[in-house]
$ cat entry_31.txt   # compact mmCIF, N, CA and C atoms
# COMPACT_ATOMS: atom_id res chain seq x y z
N MET A 1 107.67 113.77 92.63
CA MET A 1 107.03 112.65 93.28
C MET A 1 107.31 111.40 92.45
N THR A 2 107.60 110.31 93.11
CA THR A 2 107.87 109.04 92.41
C THR A 2 106.58 108.44 91.88
N PRO A 3 106.66 107.57 90.87
CA PRO A 3 105.44 106.91 90.37
C PRO A 3 104.72 106.15 91.48
N GLN A 4 105.51 105.52 92.37
CA GLN A 4 104.89 104.77 93.48
C GLN A 4 104.16 105.73 94.43
N GLY A 5 104.77 106.89 94.68
CA GLY A 5 104.16 107.88 95.56
C GLY A 5 102.87 108.44 94.97
N SER A 6 102.85 108.67 93.66
CA SER A 6 101.63 109.20 93.04
C SER A 6 100.54 108.13 93.01
N ARG A 7 100.91 106.86 92.85
CA ARG A 7 99.90 105.79 92.90
C ARG A 7 99.32 105.69 94.31
N ARG A 8 100.19 105.82 95.31
CA ARG A 8 99.74 105.75 96.69
C ARG A 8 98.79 106.92 96.99
N THR A 9 99.15 108.11 96.51
CA THR A 9 98.29 109.27 96.71
C THR A 9 96.95 109.08 96.01
N ALA A 10 96.97 108.55 94.81
CA ALA A 10 95.73 108.30 94.07
C ALA A 10 94.86 107.28 94.81
N ARG A 11 95.48 106.24 95.38
CA ARG A 11 94.71 105.25 96.13
C ARG A 11 94.08 105.88 97.37
N ARG A 12 94.83 106.74 98.04
CA ARG A 12 94.29 107.41 99.23
C ARG A 12 93.10 108.29 98.87
N LEU A 13 93.24 109.04 97.76
CA LEU A 13 92.13 109.89 97.33
C LEU A 13 90.91 109.06 96.96
N THR A 14 91.13 107.94 96.29
CA THR A 14 90.01 107.07 95.93
C THR A 14 89.33 106.56 97.18
N CYS A 15 90.10 106.16 98.17
CA CYS A 15 89.54 105.66 99.42
C CYS A 15 88.75 106.77 100.14
N LEU A 16 89.31 107.96 100.18
CA LEU A 16 88.61 109.08 100.82
C LEU A 16 87.31 109.39 100.10
N ARG A 17 87.34 109.33 98.77
CA ARG A 17 86.12 109.57 98.00
C ARG A 17 85.08 108.49 98.33
N PHE A 18 85.52 107.24 98.44
CA PHE A 18 84.62 106.14 98.77
C PHE A 18 83.99 106.37 100.14
N GLN A 19 84.81 106.73 101.12
CA GLN A 19 84.30 106.96 102.47
C GLN A 19 83.33 108.14 102.49
N LEU A 20 83.65 109.20 101.77
CA LEU A 20 82.77 110.35 101.70
C LEU A 20 81.45 109.98 101.02
N ALA A 21 81.53 109.19 99.95
CA ALA A 21 80.32 108.74 99.26
C ALA A 21 79.46 107.89 100.20
N LEU A 22 80.09 107.01 100.96
CA LEU A 22 79.37 106.16 101.90
C LEU A 22 78.65 107.00 102.95
N LEU A 23 79.36 107.94 103.54
CA LEU A 23 78.75 108.79 104.56
C LEU A 23 77.62 109.64 103.97
N THR A 24 77.83 110.12 102.73
CA THR A 24 76.80 110.89 102.06
C THR A 24 75.56 110.05 101.82
N LEU A 25 75.75 108.81 101.35
CA LEU A 25 74.62 107.92 101.10
C LEU A 25 73.85 107.62 102.39
N LEU A 26 74.58 107.35 103.47
CA LEU A 26 73.91 107.09 104.74
C LEU A 26 73.13 108.33 105.20
N GLY A 27 73.71 109.50 105.02
CA GLY A 27 73.03 110.73 105.39
C GLY A 27 71.80 110.98 104.53
N LEU A 28 71.93 110.79 103.23
CA LEU A 28 70.79 110.96 102.34
C LEU A 28 69.70 109.96 102.65
N TRP A 29 70.11 108.73 102.91
CA TRP A 29 69.13 107.70 103.24
C TRP A 29 68.32 108.12 104.46
N SER A 30 69.01 108.61 105.46
CA SER A 30 68.30 108.99 106.68
C SER A 30 67.37 110.17 106.44
N VAL A 31 67.77 111.12 105.59
CA VAL A 31 66.92 112.26 105.28
C VAL A 31 65.70 111.81 104.49
N LEU A 32 65.91 110.95 103.49
CA LEU A 32 64.81 110.50 102.64
C LEU A 32 63.82 109.62 103.38
N HIS A 33 64.26 108.95 104.42
CA HIS A 33 63.38 108.06 105.17
C HIS A 33 62.82 108.71 106.42
N SER A 34 63.09 109.97 106.61
CA SER A 34 62.53 110.71 107.75
C SER A 34 61.82 111.93 107.19
N PRO A 35 60.51 111.84 106.95
CA PRO A 35 59.80 112.95 106.30
C PRO A 35 60.09 114.29 106.97
N GLU A 36 59.27 114.74 107.84
CA GLU A 36 59.52 115.99 108.55
C GLU A 36 59.65 115.69 110.03
N VAL A 37 60.51 116.41 110.67
CA VAL A 37 60.67 116.23 112.11
C VAL A 37 59.71 117.19 112.80
N SER A 38 58.83 116.63 113.60
CA SER A 38 57.86 117.46 114.32
C SER A 38 58.32 117.62 115.76
N ALA A 39 57.61 118.44 116.49
CA ALA A 39 57.93 118.62 117.91
C ALA A 39 57.80 117.30 118.65
N ALA A 40 56.81 116.47 118.25
CA ALA A 40 56.61 115.18 118.92
C ALA A 40 57.80 114.26 118.66
N ASP A 41 58.39 114.33 117.45
CA ASP A 41 59.54 113.49 117.13
C ASP A 41 60.75 113.81 118.01
N SER A 42 60.85 115.05 118.45
CA SER A 42 62.03 115.44 119.21
C SER A 42 62.06 114.81 120.60
N VAL A 43 60.90 114.36 121.11
CA VAL A 43 60.89 113.74 122.42
C VAL A 43 60.77 112.22 122.34
N VAL A 44 60.51 111.69 121.16
CA VAL A 44 60.38 110.24 120.98
C VAL A 44 61.76 109.67 120.64
N ALA A 45 62.12 108.62 121.33
CA ALA A 45 63.40 107.98 121.06
C ALA A 45 63.35 107.26 119.72
N HIS A 46 64.33 107.51 118.91
CA HIS A 46 64.45 106.85 117.60
C HIS A 46 65.28 105.59 117.77
N PRO A 47 65.03 104.59 116.93
CA PRO A 47 65.88 103.40 116.99
C PRO A 47 67.34 103.79 116.75
N ARG A 48 68.23 103.16 117.45
CA ARG A 48 69.67 103.41 117.29
C ARG A 48 70.31 102.18 116.67
N VAL A 49 70.97 102.38 115.54
CA VAL A 49 71.64 101.28 114.86
C VAL A 49 73.06 101.70 114.51
N ALA A 50 73.96 100.72 114.50
CA ALA A 50 75.35 101.02 114.20
C ALA A 50 75.97 99.90 113.38
N LEU A 51 76.76 100.29 112.39
CA LEU A 51 77.56 99.35 111.60
C LEU A 51 79.02 99.59 111.97
N LEU A 52 79.68 98.54 112.43
CA LEU A 52 81.08 98.64 112.85
C LEU A 52 81.90 97.61 112.09
N ILE A 53 83.01 98.05 111.52
CA ILE A 53 83.90 97.16 110.79
C ILE A 53 85.31 97.40 111.29
N GLY A 54 85.98 96.32 111.66
CA GLY A 54 87.37 96.40 112.10
C GLY A 54 88.22 95.43 111.30
N ASN A 55 89.14 95.96 110.53
CA ASN A 55 90.04 95.12 109.73
C ASN A 55 91.44 95.19 110.32
N ALA A 56 91.97 94.03 110.65
CA ALA A 56 93.32 93.96 111.24
C ALA A 56 94.27 93.16 110.37
N ASN A 57 93.80 92.10 109.76
CA ASN A 57 94.66 91.19 109.00
C ASN A 57 94.56 91.47 107.51
N TYR A 58 95.71 91.77 106.93
CA TYR A 58 95.79 92.11 105.51
C TYR A 58 96.82 91.20 104.85
N SER A 59 96.61 90.89 103.58
CA SER A 59 97.56 90.02 102.88
C SER A 59 98.76 90.80 102.34
N ALA A 60 98.56 92.07 101.97
CA ALA A 60 99.62 92.82 101.30
C ALA A 60 100.38 93.78 102.22
N VAL A 61 99.85 94.06 103.38
CA VAL A 61 100.50 94.99 104.30
C VAL A 61 100.53 94.40 105.70
N LYS A 62 101.33 95.02 106.53
CA LYS A 62 101.48 94.56 107.92
C LYS A 62 100.15 94.61 108.66
N PRO A 63 99.82 93.54 109.39
CA PRO A 63 98.58 93.54 110.17
C PRO A 63 98.58 94.67 111.22
N LEU A 64 97.42 95.13 111.55
CA LEU A 64 97.27 96.16 112.58
C LEU A 64 97.02 95.48 113.92
N SER A 65 97.56 96.05 114.96
CA SER A 65 97.45 95.41 116.26
C SER A 65 96.18 95.77 117.03
N ASN A 66 95.56 96.91 116.73
CA ASN A 66 94.45 97.36 117.57
C ASN A 66 93.10 97.47 116.89
N SER A 67 93.04 97.47 115.58
CA SER A 67 91.78 97.82 114.91
C SER A 67 90.65 96.83 115.20
N ALA A 68 90.92 95.54 115.23
CA ALA A 68 89.87 94.57 115.55
C ALA A 68 89.39 94.75 116.99
N ASN A 69 90.34 94.94 117.91
CA ASN A 69 89.97 95.17 119.31
C ASN A 69 89.17 96.46 119.48
N ASP A 70 89.57 97.50 118.76
CA ASP A 70 88.85 98.77 118.83
C ASP A 70 87.41 98.60 118.36
N ALA A 71 87.22 97.91 117.24
CA ALA A 71 85.87 97.69 116.71
C ALA A 71 85.04 96.85 117.68
N ASN A 72 85.64 95.80 118.24
CA ASN A 72 84.91 94.98 119.21
C ASN A 72 84.53 95.78 120.45
N ASP A 73 85.45 96.61 120.94
CA ASP A 73 85.16 97.44 122.11
C ASP A 73 84.05 98.45 121.83
N MET A 74 84.10 99.07 120.64
CA MET A 74 83.06 100.02 120.26
C MET A 74 81.71 99.32 120.12
N CYS A 75 81.74 98.12 119.55
CA CYS A 75 80.52 97.34 119.38
C CYS A 75 79.87 97.05 120.73
N GLU A 76 80.68 96.63 121.67
CA GLU A 76 80.18 96.34 123.02
C GLU A 76 79.66 97.61 123.70
N ALA A 77 80.42 98.69 123.59
CA ALA A 77 80.01 99.95 124.23
C ALA A 77 78.71 100.48 123.65
N LEU A 78 78.59 100.45 122.34
CA LEU A 78 77.36 100.95 121.71
C LEU A 78 76.17 100.06 122.06
N GLY A 79 76.40 98.77 122.19
CA GLY A 79 75.33 97.86 122.61
C GLY A 79 74.80 98.22 123.98
N THR A 80 75.70 98.58 124.91
CA THR A 80 75.26 98.96 126.25
C THR A 80 74.53 100.30 126.24
N LEU A 81 74.74 101.10 125.19
CA LEU A 81 74.05 102.39 125.07
C LEU A 81 72.73 102.27 124.31
N GLY A 82 72.33 101.05 123.99
CA GLY A 82 71.04 100.85 123.35
C GLY A 82 71.06 100.75 121.84
N TYR A 83 72.23 100.70 121.25
CA TYR A 83 72.32 100.54 119.80
C TYR A 83 72.15 99.08 119.42
N LYS A 84 71.44 98.84 118.31
CA LYS A 84 71.43 97.52 117.69
C LYS A 84 72.65 97.53 116.77
N THR A 85 73.63 96.70 117.08
CA THR A 85 74.89 96.76 116.37
C THR A 85 75.05 95.63 115.36
N SER A 86 75.69 95.96 114.25
CA SER A 86 76.12 94.99 113.25
C SER A 86 77.64 95.13 113.19
N CYS A 87 78.34 94.12 113.73
CA CYS A 87 79.79 94.22 113.88
C CYS A 87 80.48 93.15 113.03
N TYR A 88 81.49 93.57 112.28
CA TYR A 88 82.23 92.65 111.42
C TYR A 88 83.72 92.89 111.60
N ILE A 89 84.44 91.79 111.69
CA ILE A 89 85.90 91.84 111.83
C ILE A 89 86.53 91.17 110.62
N ASP A 90 87.58 91.79 110.09
CA ASP A 90 88.34 91.29 108.94
C ASP A 90 87.46 90.97 107.74
N VAL A 91 86.79 92.00 107.26
CA VAL A 91 86.02 91.89 106.02
C VAL A 91 87.02 91.60 104.90
N ALA A 92 86.75 90.56 104.13
CA ALA A 92 87.74 89.99 103.21
C ALA A 92 88.13 90.90 102.06
N ASP A 93 87.17 91.55 101.43
CA ASP A 93 87.48 92.32 100.23
C ASP A 93 86.42 93.39 99.99
N ARG A 94 86.61 94.13 98.91
CA ARG A 94 85.70 95.23 98.59
C ARG A 94 84.27 94.72 98.38
N ARG A 95 84.12 93.58 97.74
CA ARG A 95 82.79 93.02 97.47
C ARG A 95 82.06 92.74 98.79
N GLU A 96 82.76 92.11 99.73
CA GLU A 96 82.13 91.82 101.02
C GLU A 96 81.84 93.11 101.78
N PHE A 97 82.77 94.07 101.73
CA PHE A 97 82.58 95.36 102.40
C PHE A 97 81.31 96.03 101.89
N LYS A 98 81.16 96.07 100.57
CA LYS A 98 79.98 96.68 99.96
C LYS A 98 78.71 95.92 100.35
N ALA A 99 78.79 94.59 100.36
CA ALA A 99 77.62 93.77 100.72
C ALA A 99 77.20 94.03 102.17
N ARG A 100 78.17 94.13 103.07
CA ARG A 100 77.86 94.40 104.48
C ARG A 100 77.15 95.75 104.62
N ILE A 101 77.62 96.75 103.88
CA ILE A 101 77.01 98.08 103.95
C ILE A 101 75.59 98.03 103.38
N GLN A 102 75.42 97.38 102.23
CA GLN A 102 74.09 97.30 101.62
C GLN A 102 73.11 96.56 102.51
N ASP A 103 73.55 95.45 103.11
CA ASP A 103 72.68 94.70 104.02
C ASP A 103 72.29 95.56 105.22
N PHE A 104 73.25 96.30 105.74
CA PHE A 104 72.98 97.16 106.89
C PHE A 104 71.96 98.24 106.53
N VAL A 105 72.21 98.94 105.42
CA VAL A 105 71.32 100.03 105.01
C VAL A 105 69.90 99.49 104.79
N ALA A 106 69.78 98.30 104.20
CA ALA A 106 68.46 97.71 103.96
C ALA A 106 67.73 97.37 105.26
N SER A 107 68.48 97.15 106.33
CA SER A 107 67.87 96.75 107.60
C SER A 107 67.55 97.92 108.53
N VAL A 108 67.96 99.12 108.18
CA VAL A 108 67.79 100.27 109.08
C VAL A 108 66.33 100.74 109.07
N PRO A 109 65.71 100.77 110.25
CA PRO A 109 64.33 101.26 110.33
C PRO A 109 64.27 102.77 110.03
N ALA A 110 63.12 103.22 109.57
CA ALA A 110 62.93 104.65 109.31
C ALA A 110 63.17 105.46 110.58
N LYS A 111 63.63 106.66 110.41
CA LYS A 111 63.88 107.61 111.51
C LYS A 111 64.87 107.09 112.55
N SER A 112 65.82 106.30 112.11
CA SER A 112 66.83 105.77 113.04
C SER A 112 67.98 106.74 113.20
N ASP A 113 68.61 106.65 114.34
CA ASP A 113 69.90 107.31 114.55
C ASP A 113 70.94 106.29 114.10
N VAL A 114 71.77 106.66 113.12
CA VAL A 114 72.70 105.72 112.50
C VAL A 114 74.13 106.14 112.78
N LEU A 115 74.96 105.17 113.13
CA LEU A 115 76.38 105.40 113.36
C LEU A 115 77.17 104.40 112.53
N PHE A 116 78.24 104.87 111.87
CA PHE A 116 79.15 104.00 111.14
C PHE A 116 80.53 104.18 111.74
N TYR A 117 81.21 103.05 112.04
CA TYR A 117 82.55 103.08 112.62
C TYR A 117 83.42 102.12 111.83
N TYR A 118 84.61 102.60 111.43
CA TYR A 118 85.57 101.75 110.73
C TYR A 118 86.93 101.91 111.37
N ALA A 119 87.58 100.78 111.62
CA ALA A 119 88.95 100.78 112.13
C ALA A 119 89.77 99.89 111.21
N GLY A 120 90.84 100.41 110.65
CA GLY A 120 91.70 99.64 109.77
C GLY A 120 92.41 100.54 108.79
N HIS A 121 93.18 99.91 107.90
CA HIS A 121 93.84 100.65 106.84
C HIS A 121 92.79 101.18 105.88
N ALA A 122 93.07 102.31 105.27
CA ALA A 122 92.20 102.83 104.22
C ALA A 122 93.02 102.88 102.94
N GLY A 123 92.49 102.29 101.91
CA GLY A 123 93.19 102.27 100.63
C GLY A 123 92.30 101.67 99.57
N ALA A 124 92.71 101.81 98.34
CA ALA A 124 91.95 101.25 97.22
C ALA A 124 92.92 100.63 96.23
N ALA A 125 92.47 99.58 95.62
CA ALA A 125 93.28 98.92 94.58
C ALA A 125 92.42 98.74 93.35
N GLU A 126 92.96 99.06 92.22
CA GLU A 126 92.27 98.90 90.94
C GLU A 126 90.93 99.61 90.92
N GLY A 127 90.95 100.86 91.31
CA GLY A 127 89.75 101.68 91.19
C GLY A 127 88.99 101.80 92.43
$ encode --input "entry_31.txt" --output "structure tokens"
Amino acid sequence: MTPQGSRRTARRLTCLRFQLALLTLLGLWSVLHSPEVSAADSVVAHPRVALLIGNANYSAVKPLSNSANDANDMCEALGTLGYKTSCYIDVADRREFKARIQDFVASVPAKSDVLFYYAGHAGAAEG
């Protein structure tokens, strides 16, 4: 494997780890904020919230043609299904991405049904 190929593989693994950590955190958050599910809870509608991010324009790689449209379409569709959506297009960098996630998690009501959707390139640079 070339040095460039191993760097690319390492970046992909870092990105996958980040995504897995994010999904794990969202799952843990929902478990920690939902004490016990009772029979009454199973018939009561829980708040539905969704965080959607679509990145299409990149400085270092070719822009994607569909990811922003996909995120916008999903945002609209989930809104019609009763989700309170937080939709962002072309999040500038890792700092903003993390801030959007933290703001979203802080705003999620207890016992919510949570959905996360991302459309775009997956990769990591410098850790």
$ atom_distance --input "entry_31.txt" --atom1 "atom C of Val49 in chain A" --atom2 "CA of Leu81 in chain A"
10.6 Å
$ atom_distance --input "entry_31.txt" --atom1 "atom C of Ala110 in chain A" --atom2 "CA of Glu76 in chain A"
23.0 Å
$ atom_distance --input "entry_31.txt" --atom1 "CA of Lys62 in chain A" --atom2 "CA of Ile101 in chain A"
25.0 Å
